[in-house]
Amino acid sequence: MIKGLTAVLLAAVISAPAAAAQVKFSYSKLYTQLKHNYSENHPDVKIGYFMVSPSSGATCQITKAWMTKKAHYEEFEIPASQELPLPIDNHLRKVNPDVFIETAGTQACDISFQVLAKNSFGSEVTEEEVNNLVPQMTTMMQDLGGMFASWFMPEVEGVTVHFADAQPELKTSEGRTIDVNGKVAIIRASELKSGERVFFPQEPLKVTPWIPQS
């Protein structure tokens with residue numbers, strides 16, 4: 001979980017089967033952050049919602065999620081990244097349906113939003129793509145933080161690449177290697193040479209900002 005990017009929202013835990021935990025949210029509350037995806041200041045970056053373990057910070061597995069309002073019902077198809085695929089719709093905000101999310105296990109997970117690269121990556125990412133994402137991610141974070149966020153919020157200096165499985169080191173077109181900590185690799189923009197490419201042994205689940213820890 002990246003500092004400054006995750007906001008835990010209060011969830012009402014309701015009765016659920018023994019093998020699952022279920023939470024309920026109002027669409028309008030989730031829309032508060034989703035509306036930033038409309039901005040033209042960061043066209044390649046978006047906000048995404050995930051369910052996160054309050055004890056470990058790990059992403060929880062969503063087993064089922066749906067939206068309902070009176071007779072209307074829509075179930076979501078959950079991708080491998082476990083991002084909640086909510087539509088961004090001002091009309092839905094006014095109608096304000098209930099959003100239900102079930103996660104594996106009996107412990108309720110918290111919902112959090114993260115800044116993400118909008119497009120998926122296949123077998124590689126280029127230096128140009130990383131340097132295109134970094135300033136947009138910084139701008140998105142400042143938009144989320146409000147008017148004075150730029151005064152105290154550190155800038156993004158690279159990207160964090162998340163994989164479904166533990167990976168060996170990453171290799172680049174310049175013959176360099178990048179360490180992988182389990183399922184996560186950090187690509188520092190300052191270390192990439194012009195035109196350099198970083199190769200992925202597995203398609204990433206998501207690409208998020210990297211901010212150096214002080």
# chains A, B, ... in the order shown; residues from 1 in each chain; ligands from 1
call {"tool": "select_by_dssp", "arguments": {"residues": "region 22-91 of chain A", "states": "strand (DSSP E or B)", "output": "list in words"}}
result
Gln22, Val23, Lys24, Phe25, Ser26, Val45, Lys46, Ile47, Gly48, Tyr49, Phe50, Met51, Val52, Thr59, Ile62, Thr63, Lys64, Ala65, Trp66, Met67, Thr68, Lys69, His72, Tyr73, Glu74, Glu75 and Leu84 of chain A
call {"tool": "write_last_selection", "arguments": {"atoms": "C-alpha atoms", "output": "short mmCIF file (atom, residue, chain, number, x, y, z; two decimals), in the first residue's frame"}}
result
data_model
loop_
_atom_site.label_atom_id
_atom_site.label_comp_id
_atom_site.auth_asym_id
_atom_site.auth_seq_id
_atom_site.Cartn_x
_atom_site.Cartn_y
_atom_site.Cartn_z
CA GLN A 22 -19.48 -8.92 2.81
CA VAL A 23 -19.45 -5.12 2.95
CA LYS A 24 -21.79 -2.46 1.62
CA PHE A 25 -21.10 1.04 0.29
CA SER A 26 -23.09 3.78 -1.36
CA VAL A 45 -3.46 7.57 -14.95
CA LYS A 46 -6.58 6.66 -13.01
CA ILE A 47 -8.01 5.89 -9.57
CA GLY A 48 -8.91 2.25 -8.85
CA TYR A 49 -10.63 0.67 -5.86
CA PHE A 50 -9.34 -2.47 -4.15
CA MET A 51 -10.23 -4.46 -1.06
CA VAL A 52 -7.29 -4.56 1.35
CA THR A 59 -5.01 -7.15 -1.60
CA ILE A 62 -13.08 -10.35 -4.37
CA THR A 63 -15.32 -13.38 -4.86
CA LYS A 64 -18.41 -11.41 -5.89
CA ALA A 65 -19.45 -7.78 -6.27
CA TRP A 66 -22.68 -6.20 -7.45
CA MET A 67 -24.69 -2.98 -7.53
CA THR A 68 -28.41 -2.77 -6.81
CA LYS A 69 -31.18 -0.20 -6.56
CA HIS A 72 -32.13 -2.99 -10.84
CA TYR A 73 -29.18 -5.35 -10.34
CA GLU A 74 -25.76 -5.51 -11.99
CA GLU A 75 -22.97 -7.93 -11.09
CA LEU A 84 -13.38 -3.21 -8.49
#
call {"tool": "closest_residue", "arguments": {"among": "A:Asn90, A:Asn132, A:Ser53, A:Asn41", "to": "Ser112 (chain A)", "atoms": "only C-alpha atoms"}}
result
A:Ser53
call {"tool": "residues_around", "arguments": {"residues": "Ile211 (chain A)", "least_positions_apart": "6", "cutoff": "8 Å", "atoms": "only C-alpha atoms", "output": "PDB file with all heavy atoms, in the first residue's frame"}}
result
ATOM      1  N   ILE A   2       0.710   2.170  -0.869  1.00  0.00           N
ATOM      2  CA  ILE A   2       1.586   3.318  -1.012  1.00  0.00           C
ATOM      3  C   ILE A   2       1.116   4.453  -0.124  1.00  0.00           C
ATOM      4  O   ILE A   2      -0.050   4.832  -0.129  1.00  0.00           O
ATOM      5  CB  ILE A   2       1.631   3.775  -2.482  1.00  0.00           C
ATOM      6  CG1 ILE A   2       2.170   2.620  -3.329  1.00  0.00           C
ATOM      7  CG2 ILE A   2       2.507   4.991  -2.632  1.00  0.00           C
ATOM      8  CD1 ILE A   2       2.132   2.899  -4.785  1.00  0.00           C
ATOM      9  N   PRO A 154       5.413  14.594  -1.574  1.00  0.00           N
ATOM     10  CA  PRO A 154       6.605  14.264  -2.370  1.00  0.00           C
ATOM     11  C   PRO A 154       6.230  13.847  -3.782  1.00  0.00           C
ATOM     12  O   PRO A 154       5.138  13.354  -4.028  1.00  0.00           O
ATOM     13  CB  PRO A 154       7.221  13.096  -1.601  1.00  0.00           C
ATOM     14  CG  PRO A 154       6.075  12.484  -0.861  1.00  0.00           C
ATOM     15  CD  PRO A 154       5.165  13.628  -0.509  1.00  0.00           C
ATOM     16  N   GLU A 155       7.156  14.058  -4.704  1.00  0.00           N
ATOM     17  CA  GLU A 155       6.891  13.706  -6.091  1.00  0.00           C
ATOM     18  C   GLU A 155       7.169  12.227  -6.343  1.00  0.00           C
ATOM     19  O   GLU A 155       8.010  11.605  -5.703  1.00  0.00           O
ATOM     20  CB  GLU A 155       7.755  14.563  -7.024  1.00  0.00           C
ATOM     21  CG  GLU A 155       7.375  16.034  -7.037  1.00  0.00           C
ATOM     22  CD  GLU A 155       8.080  16.784  -8.144  1.00  0.00           C
ATOM     23  OE1 GLU A 155       8.901  16.153  -8.847  1.00  0.00           O
ATOM     24  OE2 GLU A 155       7.799  17.974  -8.311  1.00  0.00           O
ATOM     25  N   VAL A 156       6.444  11.694  -7.297  1.00  0.00           N
ATOM     26  CA  VAL A 156       6.664  10.314  -7.735  1.00  0.00           C
ATOM     27  C   VAL A 156       7.986  10.265  -8.495  1.00  0.00           C
ATOM     28  O   VAL A 156       8.275  11.132  -9.317  1.00  0.00           O
ATOM     29  CB  VAL A 156       5.506   9.851  -8.641  1.00  0.00           C
ATOM     30  CG1 VAL A 156       5.758   8.439  -9.162  1.00  0.00           C
ATOM     31  CG2 VAL A 156       4.186   9.930  -7.889  1.00  0.00           C
ATOM     32  N   GLU A 157       8.811   9.252  -8.227  1.00  0.00           N
ATOM     33  CA  GLU A 157      10.115   9.149  -8.872  1.00  0.00           C
ATOM     34  C   GLU A 157      10.299   7.845  -9.649  1.00  0.00           C
ATOM     35  O   GLU A 157      11.393   7.532 -10.104  1.00  0.00           O
ATOM     36  CB  GLU A 157      11.232   9.302  -7.831  1.00  0.00           C
ATOM     37  CG  GLU A 157      11.256  10.691  -7.193  1.00  0.00           C
ATOM     38  CD  GLU A 157      12.466  10.913  -6.308  1.00  0.00           C
ATOM     39  OE1 GLU A 157      13.441  10.118  -6.409  1.00  0.00           O
ATOM     40  OE2 GLU A 157      12.448  11.863  -5.525  1.00  0.00           O
ATOM     41  N   GLY A 158       9.215   7.110  -9.795  1.00  0.00           N
ATOM     42  CA  GLY A 158       9.287   5.867 -10.547  1.00  0.00           C
ATOM     43  C   GLY A 158       7.956   5.146 -10.474  1.00  0.00           C
ATOM     44  O   GLY A 158       6.950   5.723 -10.044  1.00  0.00           O
TER      45      GLY A 158
END
call {"tool": "residues_around", "arguments": {"residues": "Asn119 (chain A)", "least_positions_apart": "6", "cutoff": "12 Å", "atoms": "only C-alpha atoms", "output": "number ranges by chain"}}
result
A: 43-46, 125, 129, 133, 204-208
call {"tool": "closest_residue", "arguments": {"among": "A:Gly105, A:Ser55, A:Asp110, A:Tyr38", "to": "Ile88 (chain A)", "atoms": "only C-alpha atoms"}}
result
A:Tyr38
call {"tool": "closest_residue", "arguments": {"among": "A:Pro79, A:Pro87, A:Pro54, A:Gly122", "to": "Ala108 (chain A)", "atoms": "only C-alpha atoms"}}
result
A:Pro54
call {"tool": "atom_distance", "arguments": {"atom1": "CA of Phe200 (chain A)", "atom2": "CA of Lys118 (chain A)"}}
result
17.8 Å
call {"tool": "atom_distance", "arguments": {"atom1": "CA of Ala104 (chain A)", "atom2": "CA of Pro201 (chain A)"}}
result
27.8 Å
call {"tool": "decode", "arguments": {"residues": "region 100-129 of chain A", "atoms": "N, CA, C and O atoms", "output": "compact mmCIF listing (two decimals), in the first residue's frame"}}
result
# COMPACT_ATOMS: atom_id res chain seq x y z
N PHE A 100 -22.30 -3.84 -3.17
CA PHE A 100 -21.96 -4.93 -2.25
C PHE A 100 -20.70 -5.63 -2.75
O PHE A 100 -20.56 -5.88 -3.95
N ILE A 101 -19.82 -5.98 -1.82
CA ILE A 101 -18.58 -6.66 -2.18
C ILE A 101 -18.35 -7.82 -1.21
O ILE A 101 -18.38 -7.62 0.01
N GLU A 102 -18.13 -9.00 -1.77
CA GLU A 102 -17.79 -10.16 -0.96
C GLU A 102 -16.32 -10.51 -1.19
O GLU A 102 -15.85 -10.48 -2.33
N THR A 103 -15.62 -10.83 -0.11
CA THR A 103 -14.22 -11.23 -0.22
C THR A 103 -14.02 -12.60 0.41
O THR A 103 -14.78 -13.02 1.28
N ALA A 104 -12.98 -13.28 -0.06
CA ALA A 104 -12.68 -14.62 0.46
C ALA A 104 -12.27 -14.53 1.92
O ALA A 104 -11.62 -13.57 2.35
N GLY A 105 -12.66 -15.54 2.71
CA GLY A 105 -12.34 -15.54 4.13
C GLY A 105 -13.43 -14.87 4.92
O GLY A 105 -14.37 -14.27 4.37
N THR A 106 -13.31 -14.94 6.23
CA THR A 106 -14.36 -14.40 7.10
C THR A 106 -14.04 -13.01 7.63
O THR A 106 -14.92 -12.34 8.16
N GLN A 107 -12.79 -12.57 7.50
CA GLN A 107 -12.42 -11.25 7.99
C GLN A 107 -12.78 -10.18 6.97
O GLN A 107 -12.41 -10.28 5.80
N ALA A 108 -13.50 -9.16 7.40
CA ALA A 108 -13.88 -8.08 6.50
C ALA A 108 -12.65 -7.28 6.09
O ALA A 108 -11.78 -6.99 6.92
N CYS A 109 -12.58 -6.92 4.83
CA CYS A 109 -11.47 -6.12 4.32
C CYS A 109 -11.92 -4.67 4.15
O CYS A 109 -13.12 -4.40 4.03
N ASP A 110 -10.96 -3.76 4.14
CA ASP A 110 -11.25 -2.34 3.93
C ASP A 110 -11.17 -2.02 2.45
O ASP A 110 -10.38 -2.63 1.72
N ILE A 111 -11.92 -1.04 2.02
CA ILE A 111 -11.81 -0.60 0.63
C ILE A 111 -10.82 0.56 0.58
O ILE A 111 -10.77 1.40 1.49
N SER A 112 -9.99 0.56 -0.44
CA SER A 112 -8.99 1.62 -0.58
C SER A 112 -8.90 2.02 -2.04
O SER A 112 -9.21 1.24 -2.93
N PHE A 113 -8.46 3.25 -2.29
CA PHE A 113 -8.24 3.66 -3.67
C PHE A 113 -6.75 3.83 -3.90
O PHE A 113 -6.00 4.20 -3.02
N GLN A 114 -6.32 3.51 -5.11
CA GLN A 114 -4.92 3.62 -5.48
C GLN A 114 -4.81 4.34 -6.82
O GLN A 114 -5.70 4.25 -7.66
N VAL A 115 -3.69 5.01 -7.01
CA VAL A 115 -3.37 5.61 -8.29
C VAL A 115 -2.72 4.54 -9.16
O VAL A 115 -1.81 3.83 -8.72
N LEU A 116 -3.20 4.40 -10.38
CA LEU A 116 -2.74 3.33 -11.28
C LEU A 116 -2.46 3.86 -12.68
O LEU A 116 -3.06 4.86 -13.11
N ALA A 117 -1.60 3.14 -13.39
CA ALA A 117 -1.50 3.37 -14.83
C ALA A 117 -2.80 2.88 -15.46
O ALA A 117 -3.30 1.81 -15.13
N LYS A 118 -3.35 3.67 -16.34
CA LYS A 118 -4.64 3.32 -16.95
C LYS A 118 -4.51 2.14 -17.90
O LYS A 118 -5.37 1.25 -17.93
N ASN A 119 -3.46 2.11 -18.70
CA ASN A 119 -3.28 1.04 -19.67
C ASN A 119 -2.52 -0.12 -19.05
O ASN A 119 -1.66 0.07 -18.18
N SER A 120 -2.81 -1.32 -19.52
CA SER A 120 -2.08 -2.50 -19.05
C SER A 120 -0.80 -2.64 -19.86
O SER A 120 -0.66 -2.10 -20.95
N PHE A 121 0.15 -3.39 -19.30
CA PHE A 121 1.42 -3.62 -19.97
C PHE A 121 1.58 -5.12 -20.21
O PHE A 121 1.18 -5.94 -19.39
N GLY A 122 2.16 -5.46 -21.32
CA GLY A 122 2.35 -6.86 -21.66
C GLY A 122 3.69 -7.39 -21.21
O GLY A 122 3.90 -7.68 -20.04
N SER A 123 4.63 -7.47 -22.12
CA SER A 123 5.93 -8.08 -21.82
C SER A 123 7.02 -7.07 -21.49
O SER A 123 8.14 -7.46 -21.17
N GLU A 124 6.71 -5.76 -21.56
CA GLU A 124 7.76 -4.77 -21.29
C GLU A 124 7.16 -3.40 -21.04
O GLU A 124 5.99 -3.14 -21.32
N VAL A 125 8.02 -2.52 -20.48
CA VAL A 125 7.68 -1.11 -20.37
C VAL A 125 8.91 -0.32 -20.81
O VAL A 125 10.04 -0.75 -20.57
N THR A 126 8.70 0.78 -21.49
CA THR A 126 9.81 1.56 -22.01
C THR A 126 10.13 2.74 -21.11
O THR A 126 9.31 3.18 -20.30
N GLU A 127 11.32 3.25 -21.27
CA GLU A 127 11.75 4.46 -20.54
C GLU A 127 10.79 5.61 -20.81
O GLU A 127 10.42 6.36 -19.91
N GLU A 128 10.35 5.75 -22.04
CA GLU A 128 9.43 6.83 -22.41
C GLU A 128 8.10 6.68 -21.68
O GLU A 128 7.53 7.67 -21.19
N GLU A 129 7.60 5.45 -21.57
CA GLU A 129 6.33 5.22 -20.89
C GLU A 129 6.43 5.54 -19.40
O GLU A 129 5.53 6.14 -18.81
